[in-house]
file work10.pdb (PDB, C-alpha atoms and all ligand atoms)
ATOM      1  CA  MET N 171       0.422 -25.440  -5.035  1.00  0.00           C
ATOM      2  CA  ASN N 172      -0.166 -22.962  -7.788  1.00  0.00           C
ATOM      3  CA  TYR N 173       2.073 -20.128  -6.587  1.00  0.00           C
ATOM      4  CA  LYS N 174       5.689 -19.024  -6.778  1.00  0.00           C
ATOM      5  CA  LEU N 175       7.855 -16.365  -5.247  1.00  0.00           C
ATOM      6  CA  ILE N 176       9.603 -14.540  -8.070  1.00  0.00           C
ATOM      7  CA  ASP N 177      12.996 -12.888  -7.544  1.00  0.00           C
ATOM      8  CA  MET N 178      12.751  -9.812  -9.702  1.00  0.00           C
ATOM      9  CA  LYS N 179      15.662  -8.229 -11.504  1.00  0.00           C
ATOM     10  CA  VAL N 180      16.658  -5.001  -9.769  1.00  0.00           C
ATOM     11  CA  TYR N 181      18.305  -2.208 -11.729  1.00  0.00           C
ATOM     12  CA  GLY N 182      20.172  -0.423  -8.992  1.00  0.00           C
ATOM     13  CA  ASP N 183      22.806   2.296  -8.937  1.00  0.00           C
ATOM     14  CA  GLU N 184      23.711   5.285  -6.798  1.00  0.00           C
ATOM     15  CA  ARG N 185      20.364   6.936  -7.719  1.00  0.00           C
ATOM     16  CA  GLY N 186      18.243   4.133  -6.264  1.00  0.00           C
ATOM     17  CA  LYS N 187      16.542   0.985  -7.506  1.00  0.00           C
ATOM     18  CA  LEU N 188      14.096   0.130 -10.243  1.00  0.00           C
ATOM     19  CA  VAL N 189      12.110  -3.032 -10.970  1.00  0.00           C
ATOM     20  CA  SER N 190      10.123  -3.593 -14.167  1.00  0.00           C
ATOM     21  CA  LEU N 191       7.232  -6.015 -14.635  1.00  0.00           C
ATOM     22  CA  GLU N 192       6.088  -6.768 -18.187  1.00  0.00           C
ATOM     23  CA  GLY N 193       3.080  -8.851 -19.177  1.00  0.00           C
ATOM     24  CA  GLY N 194       4.027 -12.103 -20.888  1.00  0.00           C
ATOM     25  CA  MET N 195       7.664 -11.695 -19.868  1.00  0.00           C
ATOM     26  CA  ASN N 196       8.604 -11.707 -16.175  1.00  0.00           C
ATOM     27  CA  CYS N 197       4.881 -11.421 -15.399  1.00  0.00           C
ATOM     28  CA  PRO N 198       3.353 -14.617 -16.854  1.00  0.00           C
ATOM     29  CA  PHE N 199       0.014 -13.047 -17.901  1.00  0.00           C
ATOM     30  CA  ASP N 200      -1.238  -9.939 -19.688  1.00  0.00           C
ATOM     31  CA  ILE N 201      -1.894  -7.282 -17.067  1.00  0.00           C
ATOM     32  CA  LYS N 202      -5.532  -6.092 -17.148  1.00  0.00           C
ATOM     33  CA  ARG N 203      -5.720  -4.381 -13.760  1.00  0.00           C
ATOM     34  CA  VAL N 204      -3.514  -2.878 -11.078  1.00  0.00           C
ATOM     35  CA  TYR N 205      -4.713  -2.120  -7.560  1.00  0.00           C
ATOM     36  CA  TYR N 206      -3.018  -1.370  -4.293  1.00  0.00           C
ATOM     37  CA  ILE N 207      -3.732  -1.822  -0.622  1.00  0.00           C
ATOM     38  CA  TYR N 208      -2.479   0.557   2.068  1.00  0.00           C
ATOM     39  CA  ASP N 209      -3.369   1.933   5.520  1.00  0.00           C
ATOM     40  CA  THR N 210      -3.619  -1.623   6.779  1.00  0.00           C
ATOM     41  CA  LEU N 211      -3.525  -2.598  10.462  1.00  0.00           C
ATOM     42  CA  PRO N 212      -1.762  -5.572  12.118  1.00  0.00           C
ATOM     43  CA  GLU N 213      -4.928  -6.970  13.668  1.00  0.00           C
ATOM     44  CA  GLN N 214      -6.961  -6.848  10.460  1.00  0.00           C
ATOM     45  CA  GLU N 215      -7.093  -9.735   8.004  1.00  0.00           C
ATOM     46  CA  ARG N 216      -7.981  -9.494   4.321  1.00  0.00           C
ATOM     47  CA  GLY N 217      -8.537 -11.776   1.389  1.00  0.00           C
ATOM     48  CA  LYS N 218     -10.283 -15.003   2.432  1.00  0.00           C
ATOM     49  CA  HIS N 219     -11.379 -15.787  -1.065  1.00  0.00           C
ATOM     50  CA  ALA N 220     -10.384 -17.674  -4.203  1.00  0.00           C
ATOM     51  CA  HIS N 221     -10.793 -17.287  -7.944  1.00  0.00           C
ATOM     52  CA  ARG N 222     -11.233 -19.823 -10.704  1.00  0.00           C
ATOM     53  CA  GLU N 223      -9.643 -17.704 -13.426  1.00  0.00           C
ATOM     54  CA  LEU N 224      -7.734 -14.808 -11.887  1.00  0.00           C
ATOM     55  CA  GLU N 225      -3.933 -14.804 -11.733  1.00  0.00           C
ATOM     56  CA  GLN N 226      -2.055 -12.186  -9.740  1.00  0.00           C
ATOM     57  CA  ILE N 227       1.381 -10.933  -8.824  1.00  0.00           C
ATOM     58  CA  ILE N 228       1.606  -9.159  -5.489  1.00  0.00           C
ATOM     59  CA  VAL N 229       4.510  -6.975  -4.407  1.00  0.00           C
ATOM     60  CA  ALA N 230       5.029  -5.530  -0.918  1.00  0.00           C
ATOM     61  CA  MET N 231       6.184  -2.072  -1.991  1.00  0.00           C
ATOM     62  CA  ASP N 232       6.706  -1.143   1.652  1.00  0.00           C
ATOM     63  CA  GLY N 233       6.454  -3.110   4.897  1.00  0.00           C
ATOM     64  CA  ALA N 234       5.466  -6.738   5.229  1.00  0.00           C
ATOM     65  CA  CYS N 235       2.534  -9.089   5.527  1.00  0.00           C
ATOM     66  CA  GLN N 236       1.889 -12.788   5.591  1.00  0.00           C
ATOM     67  CA  PHE N 237      -0.057 -14.668   2.931  1.00  0.00           C
ATOM     68  CA  VAL N 238      -1.756 -17.956   3.697  1.00  0.00           C
ATOM     69  CA  LEU N 239      -2.213 -19.939   0.484  1.00  0.00           C
ATOM     70  CA  ASP N 240      -4.353 -23.046   0.273  1.00  0.00           C
ATOM     71  CA  ASP N 241      -5.051 -25.298  -2.708  1.00  0.00           C
ATOM     72  CA  GLY N 242      -7.519 -27.520  -0.857  1.00  0.00           C
ATOM     73  CA  ARG N 243      -4.829 -30.050   0.036  1.00  0.00           C
ATOM     74  CA  GLU N 244      -2.181 -28.039   1.847  1.00  0.00           C
ATOM     75  CA  ARG N 245      -1.726 -24.597   3.378  1.00  0.00           C
ATOM     76  CA  LYS N 246       1.448 -22.510   3.112  1.00  0.00           C
ATOM     77  CA  GLU N 247       2.421 -19.351   4.957  1.00  0.00           C
ATOM     78  CA  ILE N 248       4.527 -16.944   2.916  1.00  0.00           C
ATOM     79  CA  TRP N 249       5.990 -13.668   4.120  1.00  0.00           C
ATOM     80  CA  LEU N 250       6.108 -10.878   1.599  1.00  0.00           C
ATOM     81  CA  ASN N 251       8.518  -8.207   2.786  1.00  0.00           C
ATOM     82  CA  SER N 252      10.612  -6.838  -0.068  1.00  0.00           C
ATOM     83  CA  PRO N 253       9.857  -4.830  -3.244  1.00  0.00           C
ATOM     84  CA  ASP N 254      12.189  -7.133  -5.227  1.00  0.00           C
ATOM     85  CA  LYS N 255       9.958 -10.199  -4.607  1.00  0.00           C
ATOM     86  CA  GLY N 256       6.743 -10.880  -6.501  1.00  0.00           C
ATOM     87  CA  LEU N 257       4.271 -13.438  -5.211  1.00  0.00           C
ATOM     88  CA  TYR N 258       2.561 -15.099  -8.172  1.00  0.00           C
ATOM     89  CA  ILE N 259      -0.776 -16.706  -7.256  1.00  0.00           C
ATOM     90  CA  GLY N 260      -2.381 -18.844  -9.946  1.00  0.00           C
ATOM     91  CA  LYS N 261      -5.917 -20.120 -10.419  1.00  0.00           C
ATOM     92  CA  ASN N 262      -7.887 -22.028  -7.779  1.00  0.00           C
ATOM     93  CA  MET N 263      -5.957 -20.845  -4.747  1.00  0.00           C
ATOM     94  CA  TRP N 264      -7.573 -19.738  -1.498  1.00  0.00           C
ATOM     95  CA  ARG N 265      -5.676 -16.738  -0.064  1.00  0.00           C
ATOM     96  CA  GLU N 266      -5.685 -14.872   3.227  1.00  0.00           C
ATOM     97  CA  MET N 267      -3.524 -11.906   4.205  1.00  0.00           C
ATOM     98  CA  ARG N 268      -2.643 -11.116   7.803  1.00  0.00           C
ATOM     99  CA  HIS N 269       0.045  -9.727  10.141  1.00  0.00           C
ATOM    100  CA  PHE N 270       0.299  -6.484   8.181  1.00  0.00           C
ATOM    101  CA  SER N 271       3.073  -4.212   9.390  1.00  0.00           C
ATOM    102  CA  TYR N 272       2.060  -0.580   9.975  1.00  0.00           C
ATOM    103  CA  GLY N 273       2.311   1.256   6.693  1.00  0.00           C
ATOM    104  CA  CYS N 274       2.411  -1.903   4.587  1.00  0.00           C
ATOM    105  CA  LYS N 275       1.689  -1.163   0.947  1.00  0.00           C
ATOM    106  CA  LEU N 276       0.810  -3.955  -1.459  1.00  0.00           C
ATOM    107  CA  MET N 277       0.658  -3.534  -5.209  1.00  0.00           C
ATOM    108  CA  VAL N 278      -1.325  -6.165  -7.103  1.00  0.00           C
ATOM    109  CA  LEU N 279      -1.155  -6.919 -10.828  1.00  0.00           C
ATOM    110  CA  ALA N 280      -4.147  -8.894 -12.056  1.00  0.00           C
ATOM    111  CA  SER N 281      -4.881 -10.888 -15.202  1.00  0.00           C
ATOM    112  CA  THR N 282      -8.591  -9.944 -15.362  1.00  0.00           C
ATOM    113  CA  HIS N 283     -10.800  -6.947 -14.768  1.00  0.00           C
ATOM    114  CA  TYR N 284     -12.598  -6.770 -11.429  1.00  0.00           C
ATOM    115  CA  ASP N 285     -15.640  -9.047 -11.343  1.00  0.00           C
ATOM    116  CA  GLU N 286     -17.318  -9.731  -8.004  1.00  0.00           C
ATOM    117  CA  LYS N 287     -19.026 -12.789  -9.560  1.00  0.00           C
ATOM    118  CA  GLU N 288     -15.610 -14.405  -9.969  1.00  0.00           C
ATOM    119  CA  TYR N 289     -15.006 -14.293  -6.194  1.00  0.00           C
ATOM    120  CA  ILE N 290     -15.482 -17.430  -4.118  1.00  0.00           C
ATOM    121  CA  ARG N 291     -15.803 -16.172  -0.550  1.00  0.00           C
ATOM    122  CA  ASP N 292     -17.001 -19.390   1.065  1.00  0.00           C
ATOM    123  CA  TYR N 293     -14.277 -21.948   1.845  1.00  0.00           C
ATOM    124  CA  ASP N 294     -16.571 -24.985   1.495  1.00  0.00           C
ATOM    125  CA  GLU N 295     -17.742 -23.734  -1.866  1.00  0.00           C
ATOM    126  CA  PHE N 296     -14.082 -23.357  -2.868  1.00  0.00           C
ATOM    127  CA  LEU N 297     -13.399 -26.994  -1.911  1.00  0.00           C
ATOM    128  CA  LYS N 298     -16.502 -28.252  -3.719  1.00  0.00           C
ATOM    129  CA  GLY N 299     -15.509 -26.315  -6.835  1.00  0.00           C
ATOM    130  CA  LEU N 300     -12.103 -28.013  -6.856  1.00  0.00           C
ATOM    131  CA  ASP N 301     -13.798 -31.381  -7.470  1.00  0.00           C
ATOM    132  CA  ASN N 302     -15.445 -29.874 -10.546  1.00  0.00           C
ATOM    133  CA  VAL N 303     -12.106 -28.442 -11.692  1.00  0.00           C
ATOM    134  CA  LYS N 304     -10.563 -31.931 -11.409  1.00  0.00           C
ATOM    135  CA  MET N 305     -13.412 -33.337 -13.509  1.00  0.00           C
ATOM    136  CA  GLY N 306     -12.805 -30.628 -16.138  1.00  0.00           C
ATOM    137  CA  ASN N 307     -16.057 -28.848 -15.346  1.00  0.00           C
ATOM    138  CA  SER N 308     -14.782 -25.634 -13.698  1.00  0.00           C
ATOM    139  CA  LYS N 309     -17.167 -23.238 -15.468  1.00  0.00           C
ATOM    140  CA  SER N 310     -20.257 -24.614 -13.706  1.00  0.00           C
ATOM    141  CA  THR N 311     -19.023 -23.535 -10.271  1.00  0.00           C
ATOM    142  CA  CYS N 312     -18.326 -19.876 -11.020  1.00  0.00           C
TER     143      CYS N 312
HETATM  144  P1  LIG E 401     -11.847  -6.951  -1.149  1.00  0.00           P
HETATM  145  O1  LIG E 401     -12.091  -8.015  -2.163  1.00  0.00           O
HETATM  146  O2  LIG E 401     -12.556  -7.071   0.155  1.00  0.00           O
HETATM  147  O3  LIG E 401     -10.281  -6.816  -0.870  1.00  0.00           O
HETATM  148  P2  LIG E 401      -9.214  -7.980  -0.524  1.00  0.00           P
HETATM  149  O4  LIG E 401      -8.503  -8.305  -1.820  1.00  0.00           O
HETATM  150  O5  LIG E 401      -8.299  -7.424   0.490  1.00  0.00           O
HETATM  151  O6  LIG E 401      -9.976  -9.166  -0.061  1.00  0.00           O
HETATM  152  O7  LIG E 401     -12.186  -5.563  -1.813  1.00  0.00           O
HETATM  153  C1  LIG E 401     -12.542  -4.409  -1.061  1.00  0.00           C
HETATM  154  C2  LIG E 401     -13.508  -3.550  -1.886  1.00  0.00           C
HETATM  155  O8  LIG E 401     -12.862  -3.063  -3.060  1.00  0.00           O
HETATM  156  C3  LIG E 401     -14.736  -4.321  -2.329  1.00  0.00           C
HETATM  157  O9  LIG E 401     -15.878  -3.496  -2.146  1.00  0.00           O
HETATM  158  C4  LIG E 401     -14.523  -4.539  -3.803  1.00  0.00           C
HETATM  159  C5  LIG E 401     -13.634  -3.379  -4.211  1.00  0.00           C
HETATM  160  N1  LIG E 401     -12.707  -3.703  -5.309  1.00  0.00           N
HETATM  161  C6  LIG E 401     -12.870  -3.100  -6.536  1.00  0.00           C
HETATM  162  O10 LIG E 401     -13.826  -2.321  -6.766  1.00  0.00           O
HETATM  163  N2  LIG E 401     -11.971  -3.363  -7.539  1.00  0.00           N
HETATM  164  C7  LIG E 401     -10.926  -4.206  -7.347  1.00  0.00           C
HETATM  165  O11 LIG E 401     -10.107  -4.407  -8.288  1.00  0.00           O
HETATM  166  C8  LIG E 401     -10.768  -4.860  -6.072  1.00  0.00           C
HETATM  167  C9  LIG E 401      -9.639  -5.814  -5.824  1.00  0.00           C
HETATM  168  C10 LIG E 401     -11.682  -4.573  -5.082  1.00  0.00           C
END

call {"tool": "encode", "arguments": {"input": "work10.pdb", "output": "structure tokens"}}
result
Amino acid sequence: MNYKLIDMKVYGDERGKLVSLEGGMNCPFDIKRVYYIYDTLPEQERGKHAHRELEQIIVAMDGACQFVLDDGRERKEIWLNSPDKGLYIGKNMWREMRHFSYGCKLMVLASTHYDEKEYIRDYDEFLKGLDNVKMGNSKSTC
């Protein structure tokens, strides 16, 4: 499974807390894009797509939500519920987000600019593409 939950260093004192993310250091890629998700609702699900090239780190700045991650062989459910945890999701991972708490705010750091063509929104297509990735032919499926 190409993901990891990163415990981020927190600089805390009586004034509050601060976390820093730096490309190529505690964030394993150069950051090309930042976006955030808010005003979510518990009954709404998001994501349901994969990427061949994109890498991301997601931080729940406020509230909580569950990520379902799937590499075509196994599925994992991961709760993201603290601003000092970063969920790194690597290439070729199907992701779904659900069970958003009211007021959940997610910040996402991304390794590439936004490109709708890089989205795989069909699960069967995702699985088929994995065979090509294994054969070293990933470009042809994008
Ligand atoms: P969508 O991919 O549905 O969000 P999620 O990551 O929750 O699955 O994106 C919602 C809309 O936002 C869609 O019209 C594409 C647009 N969008 C951008 O323009 N830039 C971005 O960086 C992202 C992530 C989405």

call {"tool": "residues_around", "arguments": {"input": "work10.pdb", "residues": "His269 of chain N", "least_positions_apart": "3", "cutoff": "6 Å", "atoms": "only C-alpha atoms", "output": "PyMOL selection string"}}
result
chain N and resi 212+235-236

call {"tool": "resolve_selection", "arguments": {"input": "work10.pdb", "expression": "the PyMOL selection byres (((not hetatm)) within 6 of (chain E and resi 401))", "output": "list in words"}}
result
Tyr205, Arg216, Gly217 and Tyr284 of chain N

call {"tool": "write_last_selection", "arguments": {"input": "work10.pdb", "atoms": "C-alpha atoms", "output": "PDB file, in the frame of the given file"}}
result
ATOM      1  CA  TYR N 205      -4.713  -2.120  -7.560  1.00  0.00           C
ATOM      2  CA  ARG N 216      -7.981  -9.494   4.321  1.00  0.00           C
ATOM      3  CA  GLY N 217      -8.537 -11.776   1.389  1.00  0.00           C
ATOM      4  CA  TYR N 284     -12.598  -6.770 -11.429  1.00  0.00           C
TER       5      TYR N 284
END

call {"tool": "resolve_selection", "arguments": {"input": "work10.pdb", "expression": "the PyMOL selection byres (((chain N and resi 213) around 8) and not hetatm)", "output": "list in words"}}
result
Leu211, Pro212, Gln214, Glu215, Arg268, His269 and Phe270 of chain N

call {"tool": "resolve_selection", "arguments": {"input": "work10.pdb", "expression": "the PyMOL selection byres (((chain N and resi 173-179) around 6) and not hetatm)", "output": "compact mmCIF listing (two decimals) with C-alpha atoms, in the coordinates of the input"}}
result
# COMPACT_ATOMS: atom_id res chain seq x y z
CA MET N 171 0.42 -25.44 -5.04
CA ASN N 172 -0.17 -22.96 -7.79
CA VAL N 180 16.66 -5.00 -9.77
CA ASP N 254 12.19 -7.13 -5.23
CA LYS N 255 9.96 -10.20 -4.61
CA GLY N 256 6.74 -10.88 -6.50
CA LEU N 257 4.27 -13.44 -5.21
CA TYR N 258 2.56 -15.10 -8.17
CA ILE N 259 -0.78 -16.71 -7.26
CA GLY N 260 -2.38 -18.84 -9.95

call {"tool": "closest_residue", "arguments": {"input": "work10.pdb", "among": "N:Leu297, N:Leu279, N:Met305, N:Val204", "to": "Arg243 of chain N", "atoms": "only C-alpha atoms"}}
result
N:Leu297

call {"tool": "closest_residue", "arguments": {"input": "work10.pdb", "among": "N:Glu247, N:Asp294, N:Asp232, N:Asp301", "to": "Asp209 of chain N", "atoms": "only C-alpha atoms"}}
result
N:Asp232

call {"tool": "residues_around", "arguments": {"input": "work10.pdb", "residues": "Met277 of chain N", "least_positions_apart": "4", "cutoff": "8 Å", "atoms": "only C-alpha atoms", "output": "list in words"}}
result
Val204, Tyr205, Tyr206, Ile207, Ile228, Val229, Ala230 and Met231 of chain N

call {"tool": "write_last_selection", "arguments": {"input": "work10.pdb", "atoms": "C-alpha atoms", "output": "compact mmCIF listing (two decimals), in the frame of the given file"}}
result
# COMPACT_ATOMS: atom_id res chain seq x y z
CA VAL N 204 -3.51 -2.88 -11.08
CA TYR N 205 -4.71 -2.12 -7.56
CA TYR N 206 -3.02 -1.37 -4.29
CA ILE N 207 -3.73 -1.82 -0.62
CA ILE N 228 1.61 -9.16 -5.49
CA VAL N 229 4.51 -6.98 -4.41
CA ALA N 230 5.03 -5.53 -0.92
CA MET N 231 6.18 -2.07 -1.99

call {"tool": "atom_distance", "arguments": {"input": "work10.pdb", "atom1": "atom CA of Leu276 of chain N", "atom2": "atom CA of Asn196 of chain N"}}
result
18.4 Å

call {"tool": "atom_distance", "arguments": {"input": "work10.pdb", "atom1": "atom CA of Tyr208 of chain N", "atom2": "atom CA of Gly273 of chain N"}}
result
6.7 Å

call {"tool": "residues_around", "arguments": {"input": "work10.pdb", "residues": "Cys274 of chain N", "least_positions_apart": "2", "cutoff": "6 Å", "atoms": "all atoms listed in the file", "output": "JSON, numbers by chain"}}
result
{"N": [232, 233, 234, 271, 272]}

call {"tool": "write_last_selection", "arguments": {"input": "work10.pdb", "atoms": "C-alpha atoms", "output": "PDB file, in the coordinates of the input"}}
result
ATOM      1  CA  ASP N 232       6.706  -1.143   1.652  1.00  0.00           C
ATOM      2  CA  GLY N 233       6.454  -3.110   4.897  1.00  0.00           C
ATOM      3  CA  ALA N 234       5.466  -6.738   5.229  1.00  0.00           C
ATOM      4  CA  SER N 271       3.073  -4.212   9.390  1.00  0.00           C
ATOM      5  CA  TYR N 272       2.060  -0.580   9.975  1.00  0.00           C
TER       6      TYR N 272
END

call {"tool": "residues_around", "arguments": {"input": "work10.pdb", "residues": "Pro198 of chain N", "least_positions_apart": "3", "cutoff": "9 Å", "atoms": "all atoms listed in the file", "output": "compact mmCIF listing (two decimals) with C-alpha atoms, in the frame of the given file"}}
result
# COMPACT_ATOMS: atom_id res chain seq x y z
CA GLU N 192 6.09 -6.77 -18.19
CA GLY N 193 3.08 -8.85 -19.18
CA GLY N 194 4.03 -12.10 -20.89
CA MET N 195 7.66 -11.70 -19.87
CA GLU N 225 -3.93 -14.80 -11.73
CA TYR N 258 2.56 -15.10 -8.17

call {"tool": "closest_residue", "arguments": {"input": "work10.pdb", "among": "N:Tyr293, N:Phe199, N:Leu300, N:Lys275", "to": "Asn251 of chain N", "atoms": "all atoms listed in the file"}}
result
N:Lys275

call {"tool": "atom_distance", "arguments": {"input": "work10.pdb", "atom1": "atom CA of Asp240 of chain N", "atom2": "atom CA of Ala280 of chain N"}}
result
18.8 Å

call {"tool": "residues_near_point", "arguments": {"input": "work10.pdb", "point": "(-9.8, -17.6, 2.8)", "cutoff": "9 Å", "atoms": "only C-alpha atoms", "output": "list in words"}}
result
Arg216, Gly217, Lys218, His219, Ala220, Val238, Leu239, Asp240, Trp264, Arg265, Glu266, Met267, Ile290, Arg291, Asp292 and Tyr293 of chain N

call {"tool": "closest_residue", "arguments": {"input": "work10.pdb", "among": "N:Cys197, N:Leu224, N:Leu250, N:Leu191", "to": "His283 of chain N", "atoms": "only C-alpha atoms"}}
result
N:Leu224

call {"tool": "closest_residue", "arguments": {"input": "work10.pdb", "among": "N:Ser252, N:Arg203, N:Lys187, N:Val303", "to": "Val278 of chain N", "atoms": "all atoms listed in the file"}}
result
N:Arg203

call {"tool": "decode", "arguments": {"input": "work10.pdb", "residues": "segment 244-296 of chain N", "atoms": "C-alpha atoms", "output": "tab-separated table (two decimals), in the first residue's frame"}}
result
chain	number	residue	atom	x	y	z
N	244	GLU	CA	-6.36	-4.51	-0.39
N	245	ARG	CA	-8.48	-1.73	1.09
N	246	LYS	CA	-7.61	0.22	4.24
N	247	GLU	CA	-9.74	2.61	6.27
N	248	ILE	CA	-7.79	5.45	7.86
N	249	TRP	CA	-9.20	8.13	10.13
N	250	LEU	CA	-7.69	11.56	9.78
N	251	ASN	CA	-8.56	13.64	12.82
N	252	SER	CA	-5.61	15.75	13.97
N	253	PRO	CA	-3.64	18.67	12.46
N	254	ASP	CA	-0.38	17.01	13.57
N	255	LYS	CA	-0.93	13.99	11.26
N	256	GLY	CA	-0.29	14.05	7.53
N	257	LEU	CA	-1.67	11.31	5.31
N	258	TYR	CA	0.75	10.72	2.44
N	259	ILE	CA	-0.88	9.03	-0.57
N	260	GLY	CA	1.47	7.89	-3.32
N	261	LYS	CA	0.90	6.96	-6.94
N	262	ASN	CA	-1.66	4.40	-8.13
N	263	MET	CA	-3.93	4.51	-5.10
N	264	TRP	CA	-7.72	4.62	-5.29
N	265	ARG	CA	-9.09	6.95	-2.58
N	266	GLU	CA	-12.51	7.70	-1.16
N	267	MET	CA	-13.37	10.14	1.63
N	268	ARG	CA	-16.43	9.74	3.82
N	269	HIS	CA	-17.86	10.23	7.34
N	270	PHE	CA	-16.92	13.91	7.38
N	271	SER	CA	-17.55	15.59	10.71
N	272	TYR	CA	-19.45	18.89	10.52
N	273	GLY	CA	-16.96	21.65	9.88
N	274	CYS	CA	-14.19	19.30	8.76
N	275	LYS	CA	-11.45	21.16	6.93
N	276	LEU	CA	-8.89	19.28	4.85
N	277	MET	CA	-5.75	20.85	3.46
N	278	VAL	CA	-4.11	19.02	0.57
N	279	LEU	CA	-0.55	19.45	-0.69
N	280	ALA	CA	-0.06	18.07	-4.19
N	281	SER	CA	2.99	17.18	-6.27
N	282	THR	CA	1.46	18.26	-9.61
N	283	HIS	CA	-0.72	21.01	-10.99
N	284	TYR	CA	-4.40	20.21	-11.46
N	285	ASP	CA	-5.01	18.13	-14.59
N	286	GLU	CA	-8.41	16.51	-15.07
N	287	LYS	CA	-6.85	14.15	-17.65
N	288	GLU	CA	-4.75	12.61	-14.88
N	289	TYR	CA	-7.88	11.52	-12.99
N	290	ILE	CA	-9.04	7.92	-13.17
N	291	ARG	CA	-12.66	8.02	-12.03
N	292	ASP	CA	-13.66	4.50	-13.06
N	293	TYR	CA	-12.62	1.73	-10.65
N	294	ASP	CA	-12.35	-0.96	-13.35
N	295	GLU	CA	-10.16	1.32	-15.42
N	296	PHE	CA	-7.99	1.85	-12.33
